[in-house]
Amino acid sequence: MMRYRGYEARVQPDPRAGILHGEVVGIRDVITFQAESADQIEQAFHDSVDYYLGFCRRRGEHPETPGQ
């Protein structure tokens with residue numbers, strides 16, 4: 001389990017596509033990310049959370065947080 005800014009994500013390999021695929025858990029909104037290597041997956045997770053937070057801010061909405 002990875003953690004960033006209060007969000008947690010689960011990562012699983014996708015052998016057919018040859019990538020790692022992750023998804024933020026504990027919220028209804030869908031935040032996913034992917035990377036070609038373990039070295040890249042944490043940054044992809046951070047980038048996806050940051051994008052989600054920026055998207056919510058631009059729309060004037062409060063982002064969903066775990067436990068909400």
# chains A, B, ... in the order shown; residues from 1 in each chain; ligands from 1

$ residues_around --residues "stretch 8-24 of chain A" --least-positions-apart "6" --cutoff "10 Å" --atoms "only C-alpha atoms" --output "list of chain:residue names"
A:Met1, A:Met2, A:Val30, A:Ile31, A:Thr32, A:Phe33, A:Gln34, A:Ala35, A:Glu36, A:Ser37, A:Ala38, A:Gln40, A:Ile41, A:Glu42, A:Ala44, A:Phe45, A:Ser48, A:Val49, A:Pro66

$ select_by_dssp --residues "chain A" --states "alpha helix (DSSP H)" --output "PyMOL selection string"
chain A and resi 38-59

$ select_by_dssp --residues "chain A" --states "strand (DSSP E or B)" --output "PyMOL selection string"
chain A and resi 2-4+7-14+19-25+32-35

$ closest_residue --among "A:His46, A:Asp39, A:Glu61, A:Phe55" --to "A:Tyr4" --atoms "only C-alpha atoms"
A:His46
